[in-house]
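Down below is the structure, laid out as structure tokens.
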There are 2 protein chains.
Amino acid sequence: MEYKSILKNIARHITLNEEEIVLFTAVLKKKELKRKEVILKPEQPCPFINYVDQGVLRAYYTDKNGNENIIMFAVSDWWITDMHSFAGEKPSMLTIEAVENSIILQLHKVDLEKLFLKVPKFERFFRIMMQNAYVREQLRAVQNLSLTSEERYLHFTKKYPQFANQVPLKQIASYLGITPEFLSAIRKKLSTPNS
Amino acid sequence: MEYKSILKNIARHITLNEEEIVLFTAVLKKKELKRKEVILKPEQPCPFINYVDQGVLRAYYTDKNGNENIIMFAVSDWWITDMHSFAGEKPSMLTIEAVENSIILQLHKVDLEKLFLKVPKFERFFRIMMQNAYVREQLRAVQNLSLTSEERYLHFTKKYPQFANQVPLKQIASYLGITPEFLSAIRKKLSTPNS
DNA sequence: CGTCTATTTGAATGTACTCAAAAGCGGTGG
DNA sequence: CCACCGCTTTTGAGTACATTCAAATAGACG
């Protein structure tokens, strides 16, 4: 079954019958992405949300100096989009790109709006999903304000051990809001038996 | 009408009939808060969300060094809670406190759950509310990663001019993630006709 | 008016950045 | 299969941004 993992993801919060499953899966668009393939560029509209079936994606903001600031990673079983653009139908600020070869399922906004009307349970599902996303961001804000760079790095590797292996140091540094050089120095310090 | 502003807030996203308005307003609990009055302390459960009818509230995290890190402010017509604690029924990490004399309307979790069953439209309302909260946090994350302290301060005063007047400098510094001394220096620099 | 807290000032310090260059690593083509 | 290319990671020196600490000044509230 192609949609096994996304249906399991949905089932964590709402229960769908056969008919609803068909309605839902019918609007999903599967995409296979190659490493470094970009699915969203700044200034474009972002009329879809993406479920990561396999692989890793990242979303980043390119600032006026040309630096990439990584806002989030998404591994298997995560959802990722530029929510600001998706919800408000505004031009995107972010780039979304595959970190490695990946498979995603895209859900388009028009299809989602129809789905809300036909199967109102999905309002509940997305309410809970948004709530979780908000909580995650709020926790991240707490950590950025209260922890040092070293503590944030340790917390990151503990919380997302899969990322630490799949994602280059440079990108982890960007996510943590520090330079790659400085993260390299932190790693060195942590690896030397403290003397 | 006591509930005029909260009903207008709701009406931005869903339409309620007379009966639904009664059901909703019946579960709201009005509270008058004095300056510095605390409505949530760390480790307590947080079974309510708060609508700010008048005044200003702040939510902050107290780290292991005893420093207060302000996560958010809420002025009139905003909602505030420790969403991590509210949604997950976990002990709170935050303190929520009135910055000045305020009036809030509290909505308790059990009442909200009942409301979701009786009036499913509220799932939609809170879905949109969570979505907006998530977008706000994501924008803040972008700014924290890509702007300097000075730029963040300017952005803050532009976006929330009401806060800059109602909230002490010390708390703005805490929200921006810098020390009061340094914010004072930024202000001084900005006020001197650049020479 | 006096007390308490917030803000400003300045000096010394530390954290993290920039820039430049070397070393490592993976993929590709000859 | 090895040599080369491009990109990532490491290293180090010098610098800038932001903090800590201490003390003076200003403001707010009872």
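Labeling convention for the structure tokens: chains A, B, ... as they appear, residues from 1 per chain, ligands from 1 in order of appearance.
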Find the spatial neighbours of segment 13-16 of chain D, counting only C-alpha atoms (C1' of nucleotides), within a cut-off of 10 Å - ignore same-chain residues fewer than 5 positions away - and output them as a PyMOL selection string. chain C and resi 16-20
- Message: Please list as an NGL selection string every residue within 10 Å of Phe73 of chain B, counting only C-alpha atoms (C1' of nucleotides) and excluding residues in the same chain fewer than 5 positions away.
- Response: :B and (56-60 or 78-80 or 96-99 or 160 or 163 or 167 or 171-172 or 175)
Store the residues of this selection in a file with N, CA and C atoms, as a compact mmCIF listing (two decimals), in the first residue's frame.
# COMPACT_ATOMS: atom_id res chain seq x y z
N VAL B 56 -2.36 44.38 28.78
CA VAL B 56 -1.22 43.68 28.19
C VAL B 56 -0.77 42.55 29.12
N LEU B 57 -0.52 41.39 28.54
CA LEU B 57 0.05 40.28 29.31
C LEU B 57 1.36 39.86 28.67
N ARG B 58 2.19 39.16 29.44
CA ARG B 58 3.41 38.60 28.85
C ARG B 58 3.59 37.17 29.34
N ALA B 59 4.25 36.36 28.52
CA ALA B 59 4.58 34.99 28.89
C ALA B 59 6.08 34.87 28.86
N TYR B 60 6.67 34.34 29.93
CA TYR B 60 8.13 34.21 29.93
C TYR B 60 8.59 32.90 30.54
N TRP B 78 -5.78 39.83 21.56
CA TRP B 78 -4.90 38.69 21.32
C TRP B 78 -5.27 37.56 22.27
N TRP B 79 -4.83 36.34 21.90
CA TRP B 79 -4.98 35.17 22.75
C TRP B 79 -3.60 34.80 23.28
N ILE B 80 -3.55 34.31 24.50
CA ILE B 80 -2.26 33.88 25.05
C ILE B 80 -2.45 32.68 25.98
N ILE B 96 2.79 33.39 33.11
CA ILE B 96 2.00 34.39 32.39
C ILE B 96 1.51 35.43 33.40
N GLU B 97 1.78 36.69 33.05
CA GLU B 97 1.63 37.76 34.02
C GLU B 97 1.09 39.02 33.35
N ALA B 98 0.29 39.78 34.08
CA ALA B 98 -0.21 41.05 33.55
C ALA B 98 0.89 42.10 33.61
N VAL B 99 1.15 42.77 32.50
CA VAL B 99 2.14 43.85 32.47
C VAL B 99 1.52 45.10 33.08
N TYR B 160 4.94 46.58 16.38
CA TYR B 160 4.12 46.65 17.59
C TYR B 160 4.33 47.98 18.30
N PHE B 163 3.40 48.32 21.96
CA PHE B 163 4.23 47.71 22.99
C PHE B 163 5.32 48.65 23.45
N VAL B 167 5.34 48.82 27.42
CA VAL B 167 6.17 47.78 28.02
C VAL B 167 7.54 48.35 28.37
N GLN B 171 11.85 44.56 29.44
CA GLN B 171 11.07 43.45 28.91
C GLN B 171 11.19 43.34 27.39
N ILE B 172 11.33 44.47 26.73
CA ILE B 172 11.54 44.44 25.29
C ILE B 172 12.88 43.77 24.99
N TYR B 175 12.52 40.13 25.29
CA TYR B 175 11.83 39.57 24.12
C TYR B 175 12.77 39.46 22.92
- Message: What's the separation between atom CA of Asn67 of chain A and atom CA of Glu137 of chain A, in Å to one decimal place?
- Response: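 Result for atom CA of Asn67 of chain A versus atom CA of Glu137 of chain A: 21.4 Å, one decimal.
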field: Surrounding residues of DA26 of chain D excluding itself and chain neighbours under 6 positions, 10 Å, only C-alpha atoms (C1' of nucleotides), as a list in words
entry: DA6, DT7 and DT8 of chain C
Just list as a ChimeraX atom specification whatever in segment 71-172 of chain A DSSP marks as helix (DSSP H, G or I). /A:83-88,109-118,121-146,149-159,161-166,169-172
Each chain A residue no farther than 7 Å from chain B, nearest pair in Å, only C-alpha atoms, as a tab-separated table:
residue	atom	partner	partner_atom	distance
A:Tyr61	CA	B:Val142	CA	6.9
A:Asp63	CA	B:Ser146	CA	6.2
A:Asn69	CA	B:Leu145	CA	6.3
A:Ile71	CA	B:Val142	CA	6.7
A:Met83	CA	B:Val135	CA	6.1
A:His84	CA	B:Val135	CA	5.4
A:Glu123	CA	B:Arg124	CA	5.6
A:Arg124	CA	B:Glu123	CA	5.6
A:Phe126	CA	B:Arg127	CA	6.4
A:Arg127	CA	B:Arg127	CA	3.9
A:Met130	CA	B:Gln131	CA	5.4
A:Gln131	CA	B:Met130	CA	5.4
A:Ala133	CA	B:Tyr134	CA	6.3
A:Tyr134	CA	B:Tyr134	CA	4.4
A:Val135	CA	B:His84	CA	5.4
A:Glu137	CA	B:Glu137	CA	6.0
A:Gln138	CA	B:Glu137	CA	6.8
A:Ala141	CA	B:Ile71	CA	6.9
A:Val142	CA	B:Ile71	CA	6.6
A:Leu145	CA	B:Gly177	CA	5.5
A:Ser146	CA	B:Asp63	CA	6.2
A:Gly177	CA	B:Leu145	CA	5.5
Quiz prompt | In segment 2-183 of chain A, DSSP strand (DSSP E or B) residues written as a count of residues only | solution = 44
Find, counting only C-alpha atoms (C1' of nucleotides), the residue in D:DA18, D:DC29, D:DC1, D:DA24 that gets nearest to chain B.
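Going through D:DA18, D:DC29, D:DC1, D:DA24 one by one, the smallest distance to chain B is for D:DA18.
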Write down, as number ranges by chain, each residue of chain B that has any atom within 12 Å of an atom of chain D, counting only C-alpha atoms (C1' of nucleotides). B: 148-150, 168, 177-183, 185-186
With distances taken over only C-alpha atoms, which of B:Ile104, B:Val75, B:Val119, B:Ile49 is nearest to Leu16 of chain B?
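The closest residue to Leu16 of chain B is B:Val119.
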Grab the atom CA of Glu113 of chain A to atom CA of Gln54 of chain A distance for me, in Å with one decimal place.
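Between atom CA of Glu113 of chain A and atom CA of Gln54 of chain A the gap is 25.8 Å.
Distances here use only C-alpha atoms (C1' of nucleotides); by that measure, the residue among C:DT3, C:DT15, C:DG10, C:DT28 closest to chain A is C:DT15.
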Between atom CA of Leu154 of chain A and atom CA of Ser5 of chain A lies a distance of 29.6 Å
So that I can see what lies close to Leu107 of chain A, please list as a list in words the residues with an atom at most 12 Å from it, counting only C-alpha atoms (C1' of nucleotides) and leaving out residues fewer than 3 positions away in the same chain. Ile6, Phe24, Thr25, Ala26, Val27, Leu28, Lys29, Lys30, Lys31, Cys46, Pro47, Phe48, Ile49, Asn50, Tyr51, Val52, Trp79, Ile80, Thr81, Phe86, Ile104, Val110, Asp111, Leu112, Glu113, Lys114 and Leu115 of chain A
